[in-house]
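S.K.: Structure: data-v3.json, JSON, C-alpha atoms and all ligand atoms.
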```json
[["chain", "number", "residue", "atom", "x", "y", "z"],
["A", 218, "MET", "CA", 15.07, 7.23, -0.35],
["A", 219, "GLU", "CA", 12.01, 9.17, -1.41],
["A", 220, "ILE", "CA", 8.71, 7.67, -2.49],
["A", 221, "ARG", "CA", 9.33, 7.98, -6.25],
["A", 222, "GLN", "CA", 12.86, 6.57, -5.87],
["A", 223, "PHE", "CA", 11.47, 3.64, -3.88],
["A", 224, "GLN", "CA", 8.86, 2.91, -6.56],
["A", 225, "GLU", "CA", 11.59, 2.96, -9.24],
["A", 226, "HIS", "CA", 13.80, 0.75, -7.05],
["A", 227, "ILE", "CA", 11.06, -1.88, -6.65],
["A", 228, "LYS", "CA", 10.28, -1.60, -10.38],
["A", 229, "LYS", "CA", 13.92, -2.40, -11.22],
["A", 230, "ILE", "CA", 13.85, -5.41, -8.91],
["A", 231, "TYR", "CA", 10.43, -6.90, -9.75],
["A", 232, "PHE", "CA", 8.77, -5.33, -12.81],
["A", 233, "HIS", "CA", 9.72, -8.25, -15.07],
["A", 234, "HIS", "CA", 7.80, -10.56, -12.71],
["A", 235, "ASP", "CA", 4.97, -8.10, -11.96],
["A", 236, "SER", "CA", 4.25, -7.44, -15.63],
["A", 237, "LYS", "CA", 3.94, -11.20, -16.23],
["A", 238, "ARG", "CA", 1.67, -11.60, -13.16],
["A", 239, "GLY", "CA", -0.63, -8.72, -14.14],
["A", 240, "VAL", "CA", -2.80, -6.32, -12.17],
["A", 241, "GLU", "CA", -5.34, -8.80, -10.77],
["A", 242, "ASN", "CA", -2.81, -11.22, -9.30],
["A", 243, "THR", "CA", -0.54, -8.42, -8.08],
["A", 244, "LEU", "CA", -3.55, -6.92, -6.29],
["A", 245, "LYS", "CA", -4.14, -10.31, -4.64],
["A", 246, "TRP", "CA", -0.50, -10.42, -3.48],
["A", 247, "PHE", "CA", -0.87, -6.91, -2.07],
["A", 248, "LEU", "CA", -4.03, -7.89, -0.19],
["A", 249, "SER", "CA", -2.37, -11.03, 1.19],
["A", 250, "GLU", "CA", 0.48, -8.84, 2.48],
["A", 251, "VAL", "CA", -2.05, -6.53, 4.18],
["A", 252, "TYR", "CA", -3.44, -9.63, 5.87],
["A", 253, "GLU", "CA", 0.06, -10.65, 6.97],
["A", 254, "LEU", "CA", 0.61, -7.14, 8.37],
["A", 255, "THR", "CA", -2.66, -7.50, 10.28],
["A", 256, "GLU", "CA", -1.42, -10.76, 11.80],
["A", 257, "ALA", "CA", 1.93, -9.17, 12.71],
["A", 258, "VAL", "CA", 0.20, -6.22, 14.41],
["A", 259, "ASN", "CA", -2.03, -8.62, 16.34],
["A", 260, "LYS", "CA", 1.01, -10.60, 17.50],
["A", 261, "GLY", "CA", 2.87, -7.41, 18.40],
["A", 262, "SER", "CA", 6.41, -8.20, 17.20],
["A", 263, "LYS", "CA", 7.96, -4.93, 16.02],
["A", 264, "LYS", "CA", 10.43, -6.81, 13.80],
["A", 265, "ASP", "CA", 7.61, -8.72, 12.06],
["A", 266, "ILE", "CA", 5.50, -5.54, 11.73],
["A", 267, "MET", "CA", 8.41, -3.77, 10.04],
["A", 268, "THR", "CA", 8.90, -6.67, 7.62],
["A", 269, "GLU", "CA", 5.22, -6.85, 6.72],
["A", 270, "ALA", "CA", 4.85, -3.06, 6.44],
["A", 271, "ALA", "CA", 7.76, -3.02, 3.99],
["A", 272, "ASP", "CA", 6.13, -5.83, 2.00],
["A", 273, "VAL", "CA", 2.79, -3.97, 1.90],
["A", 274, "VAL", "CA", 4.43, -0.81, 0.54],
["A", 275, "ALA", "CA", 6.54, -2.80, -1.96],
["A", 276, "TRP", "CA", 3.49, -4.63, -3.30],
["A", 277, "LEU", "CA", 1.52, -1.37, -3.41],
["A", 278, "VAL", "CA", 4.13, 0.32, -5.59],
["A", 279, "SER", "CA", 4.37, -2.81, -7.78],
["A", 280, "LEU", "CA", 0.62, -2.64, -8.33],
["A", 281, "LEU", "CA", 0.75, 1.10, -9.06],
["A", 282, "SER", "CA", 3.64, 0.69, -11.51],
["A", 283, "LEU", "CA", 1.55, -1.80, -13.48],
["A", 284, "LEU", "CA", -1.21, 0.81, -13.57],
["A", 285, "ASP", "CA", 1.27, 3.56, -14.53],
["A", 286, "ILE", "CA", 0.47, 5.52, -11.35],
["A", 287, "ASP", "CA", 3.14, 7.45, -9.47],
["A", 288, "LEU", "CA", 2.58, 7.00, -5.71],
["A", 289, "GLU", "CA", 4.49, 10.16, -4.81],
["A", 290, "GLU", "CA", 2.26, 12.25, -7.09],
["A", 291, "ALA", "CA", -0.83, 10.50, -5.68],
["A", 292, "VAL", "CA", 0.04, 11.17, -2.03],
["A", 293, "ILE", "CA", 1.05, 14.78, -2.68],
["A", 294, "ASN", "CA", -2.19, 15.38, -4.58],
["A", 295, "ARG", "CA", -4.25, 13.75, -1.83],
["A", 296, "TYR", "CA", -2.46, 14.77, 1.39],
["A", 297, "GLY", "CA", -0.04, 17.53, 0.43],
["A", 298, "GLY", "CA", -2.53, 20.19, 1.56],
["A", 299, "GLY", "CA", -3.37, 18.42, 4.83],
["A", 300, "CYS", "CA", -6.57, 16.47, 5.45],
["A", 301, "PRO", "CA", -8.32, 15.96, 2.08],
["A", 302, "LYS", "CA", -11.72, 16.78, 3.67],
["A", 303, "CYS", "CA", -11.09, 19.80, 5.92],
["A", 304, "HIS", "CA", -7.71, 20.86, 4.40],
["A", 305, "SER", "CA", -6.28, 21.39, 7.90],
["A", 306, "ILE", "CA", -3.10, 20.27, 9.62],
["A", 307, "PRO", "CA", -3.92, 18.73, 12.03],
["A", 308, "CYS", "CA", -7.28, 17.48, 10.76],
["A", 309, "LYS", "CA", -10.32, 19.23, 12.27],
["A", 310, "CYS", "CA", -12.90, 16.68, 11.09],
["A", 311, "GLU", "CA", -15.11, 14.93, 13.64],
["A", 312, "TYR", "CA", -13.27, 11.97, 15.22],
["A", 313, "ARG", "CA", -14.40, 8.56, 13.97],
["A", 314, "ASP", "CA", -13.43, 5.34, 15.71],
["A", 315, "LYS", "CA", -14.15, 2.96, 12.83],
["A", 316, "PRO", "CA", -14.35, 3.18, 9.04],
["A", 317, "ASN", "CA", -17.74, 3.67, 7.39],
["A", 318, "LYS", "CA", -17.40, 0.42, 5.50],
["A", 319, "ILE", "CA", -16.46, -2.91, 7.07],
["A", 320, "VAL", "CA", -15.10, -5.13, 4.32],
["A", 321, "THR", "CA", -14.39, -8.81, 3.99],
["A", 322, "ILE", "CA", -11.94, -9.71, 1.25],
["A", 323, "LYS", "CA", -11.66, -13.20, -0.17],
["A", 324, "ILE", "CA", -8.48, -14.01, -2.04],
["A", 325, "ASP", "CA", -8.87, -17.22, -4.04],
["A", 401, "ZN", "ZN", -10.08, 16.64, 8.30]]
```
Mind turning this structure into structure tokens?

M.R.:
Amino acid sequence: MEIRQFQEHIKKIYFHHDSKRGVENTLKWFLSEVYELTEAVNKGSKKDIMTEAADVVAWLVSLLSLLDIDLEEAVINRYGGGCPKCHSIPCKCEYRDKPNKIVTIKID
């Protein structure tokens, strides 16, 4: 299954719920799934990590479908030519250990 097919698949399963829920609440679900993935990674169970990673991607495509954004087009545009900054494969940018921004997200 390719990215666009997966987005359509999830849309067929959940769009009737997602469209009722709306962008803001779907974004909150997505963020709560990212948190659950974080917990799974910290616990180290491969089975749980796989489950939560699948949920994160499913909620991401649900959110993007509500916004009429095609994830496959987005990733090809952003990463199809390699690193978006240096345009190399592999990336030749200076290594960074941590992100520039440390964020705290509160969900209701
Ligand atoms: Zn780079």

S.K.: Would you list the residues that come within 8 Å of ligand ZN 401 (chain A)? Count all atoms listed in the file and give the answer as a list in words.

M.R.: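 Residues satisfying the distance criterion: Gly299, Cys300, Pro301, Lys302, Cys303, His304, Ser305, Ile306, Pro307, Cys308, Lys309, Cys310 and Glu311 of chain A.
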
S.K.: Residues at most 8 Å from stretch 252-258 of chain A, counting all atoms listed in the file, excluding those fewer than 4 positions away in the same chain, as a list in words?

M.R.: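 Once the adjacent positions are removed, what remains is Leu248, Ser262, Asp265, Ile266, Glu269, Ala270 and Val273 of chain A.
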
S.K.: Counting all atoms listed in the file, figure out which residue out of A:Glu250, A:Ser236, A:Asn259, A:Tyr296 gets nearest to A:Leu277.

M.R.: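 Once distances to A:Leu277 are computed over all atoms listed in the file, the minimum belongs to A:Glu250.
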
S.K.: As JSON, please: the centre and edge lengths in Å, to one decimal, of an axis-aligned box enclosing every listed atom of stretch 295-310 of chain A with 8 Å added on each side.

M.R.:
```
{"center_x": -6.5, "center_y": 17.6, "center_z": 5.2, "size_x": 28.9, "size_y": 23.6, "size_z": 30.1}
```

S.K.: Hey, which of A:Ile220, A:Ile227, A:Ile319, A:Val240 ends up closest to A:Val292? Count only C-alpha atoms.

M.R.: A:Ile220

S.K.: Neighbouring residues of A:Ser282 were defined as those with any atom within 9 Å, considering all atoms listed in the file; residues of the same chain fewer than 4 positions away were excluded. Please report them as a list of chain:residue names.

M.R.: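 Here the qualifying residues turn out to be A:Gln224, A:Glu225, A:Lys228, A:Phe232, A:Asp235, A:Leu277, A:Val278, A:Ile286, A:Asp287, A:Leu288.
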
S.K.: For a quick check of understanding, using all atoms listed in the file, which of A:Glu289, A:Tyr312, A:Leu280, A:Asn317 has the smallest distance to A:Lys245?

M.R.: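 Under the stated criterion, the closest residue is A:Leu280.
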
S.K.: From the set A:Asp285, A:Ser279, A:Phe223, A:Val274, which residue has the shortest atom-to-atom contact distance to A:Arg238, counting all atoms listed in the file?

M.R.: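 Between A:Asp285, A:Ser279, A:Phe223, A:Val274, the residue approaching A:Arg238 most closely is A:Ser279.
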
S.K.: So the first atom is atom CA of A:Arg221 and the second is atom CA of A:Ala271; what is the distance between them in Å, to one decimal place?

M.R.: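 According to the coordinates, atom CA of A:Arg221 and atom CA of A:Ala271 are separated by 15.1 Å.
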